Amino acid sequence: MPAKHNPVIKLFWSIHLKLYQWSSGRIGSTIRGLPILLLTTKGKITGQLRTKALMYLPYKNNFVVIASNLGKDNHPAWWLNILAEPKASVQIGSSHISVHAREAQEDEREGIWQMLAEKTSDYEQYRSWTSRRIPLVILERQ
């Protein structure tokens with residue numbers, strides 16, 4: 001079964017989120033060579049706060065998260081929430097940071113994708129599984 005359809009992956013990330021929150025990031029701060037942050041967005045339909053553990057790439061004084069959704073053909077819910085309300089917050093370790101999200105464009109996007117490819121091949125694999133353009137989301141400190 002391809003990883004993008006494996007329910008064990010979903011269970012892993014659910015448990016990971018709880019462990020990260022419980023330990024203030026002492027458990028689960030990196031996976032596959034990339035650091036992890038918790039992104040909290042406002043649900044575009046419900047208005048409720050939603051938190052997701054995501055790998056990120058440090059970028060200048062900000063953070064880049066990748067809306068790969070494990071290579072599925074639909075965007076992840078957190079990205080749809082960000083499109084509706086770009087104000088969000090991240091937790092890195094025990095630090096909580098207000099951010100404003102925007103999608104990387106053109107040359108900036110290509111440079112970030114290259115940095116990402118140097119860290120892990122996972123996202124190239126995800127890109128090969130879908131026809132959609134995977135958003136690279138810059139979370140700018142506020």
# chains A, B, ... in the order shown; residues from 1 in each chain; ligands from 1
>>> residues_around(residues="Gly25 of chain A", least_positions_apart="4", cutoff="8 Å", atoms="only C-alpha atoms", output="ChimeraX atom specification")
/A:19-21,29,92-94
>>> write_last_selection(atoms="C-alpha atoms", output="compact mmCIF listing (two decimals), in the first residue's frame")
# COMPACT_ATOMS: atom_id res chain seq x y z
CA LEU A 19 3.26 13.67 22.34
CA TYR A 20 4.65 16.95 20.99
CA GLN A 21 2.02 18.96 22.86
CA SER A 29 10.91 17.72 17.36
CA ILE A 92 8.12 25.20 18.14
CA GLY A 93 9.19 23.48 21.30
CA SER A 94 7.59 25.52 24.05
>>> residues_around(residues="Leu70 of chain A", least_positions_apart="2", cutoff="10 Å", atoms="only C-alpha atoms", output="PyMOL selection string")
chain A and resi 2-6+9+66-68+72-76+122-123+125-127+129-130
>>> closest_residue(among="A:Ser14, A:Ser23, A:Thr51, A:Thr30", to="Ile82 of chain A", atoms="only C-alpha atoms")
A:Thr51
>>> closest_residue(among="A:Lys10, A:Arg26, A:Arg109, A:Lys42", to="Lys87 of chain A", atoms="only C-alpha atoms")
A:Lys42
>>> select_by_dssp(residues="chain A", states="strand (DSSP E or B)", output="PyMOL selection string")
chain A and resi 30-31+34-42+49-59+62-66+87-92+95-103+136-141
>>> atom_distance(atom1="atom CA of Gly33 of chain A", atom2="atom CA of Val8 of chain A")
20.4 Å
>>> closest_residue(among="A:Ala104, A:Gln142, A:Ser121, A:Leu11", to="Tyr59 of chain A", atoms="only C-alpha atoms")
A:Ala104
>>> closest_residue(among="A:Val65, A:Val99, A:Leu49, A:Leu34", to="Pro135 of chain A", atoms="only C-alpha atoms")
A:Val65
>>> select_by_dssp(residues="chain A", states="alpha helix (DSSP H)", output="ChimeraX atom specification")
/A:7-23,77-84,106-119,122-129
>>> write_last_selection(atoms="C-alpha atoms", output="CSV table (one decimal), in the first residue's frame")
chain,number,residue,atom,x,y,z
A,7,PRO,CA,-4.0,4.7,7.7
A,8,VAL,CA,-1.0,4.0,9.9
A,9,ILE,CA,0.5,7.3,8.8
A,10,LYS,CA,-2.6,9.1,9.9
A,11,LEU,CA,-2.5,7.4,13.3
A,12,PHE,CA,1.3,8.1,13.6
A,13,TRP,CA,0.7,11.9,13.1
A,14,SER,CA,-2.2,11.9,15.5
A,15,ILE,CA,-0.1,10.3,18.3
A,16,HIS,CA,2.9,12.5,17.4
A,17,LEU,CA,0.8,15.7,17.8
A,18,LYS,CA,-0.3,14.6,21.3
A,19,LEU,CA,3.3,13.7,22.3
A,20,TYR,CA,4.7,16.9,21.0
A,21,GLN,CA,2.0,19.0,22.9
A,22,TRP,CA,2.5,17.0,26.1
A,23,SER,CA,6.3,17.3,26.0
A,77,ALA,CA,-7.4,21.0,5.2
A,78,TRP,CA,-4.9,23.3,7.0
A,79,TRP,CA,-4.0,24.9,3.7
A,80,LEU,CA,-7.6,25.5,2.9
A,81,ASN,CA,-8.0,27.1,6.3
A,82,ILE,CA,-4.9,29.3,5.6
A,83,LEU,CA,-6.4,30.5,2.3
A,84,ALA,CA,-9.5,31.6,4.2
A,106,GLU,CA,8.2,31.7,-8.8
A,107,ASP,CA,11.9,32.2,-8.1
A,108,GLU,CA,11.5,32.1,-4.4
A,109,ARG,CA,9.5,28.9,-4.7
A,110,GLU,CA,12.1,27.2,-6.8
A,111,GLY,CA,14.9,28.2,-4.4
A,112,ILE,CA,12.9,26.8,-1.4
A,113,TRP,CA,12.1,23.6,-3.3
A,114,GLN,CA,15.8,23.1,-4.0
A,115,MET,CA,16.6,23.6,-0.3
A,116,LEU,CA,13.9,21.1,0.6
A,117,ALA,CA,15.1,18.5,-1.9
A,118,GLU,CA,18.6,18.7,-0.3
A,119,LYS,CA,17.1,17.8,3.0
A,122,ASP,CA,10.0,12.7,0.3
A,123,TYR,CA,8.5,15.8,-1.3
A,124,GLU,CA,9.8,14.9,-4.8
A,125,GLN,CA,8.0,11.5,-4.3
A,126,TYR,CA,4.8,13.2,-3.2
A,127,ARG,CA,5.0,15.6,-6.2
A,128,SER,CA,5.3,12.6,-8.5
A,129,TRP,CA,2.0,11.1,-7.0
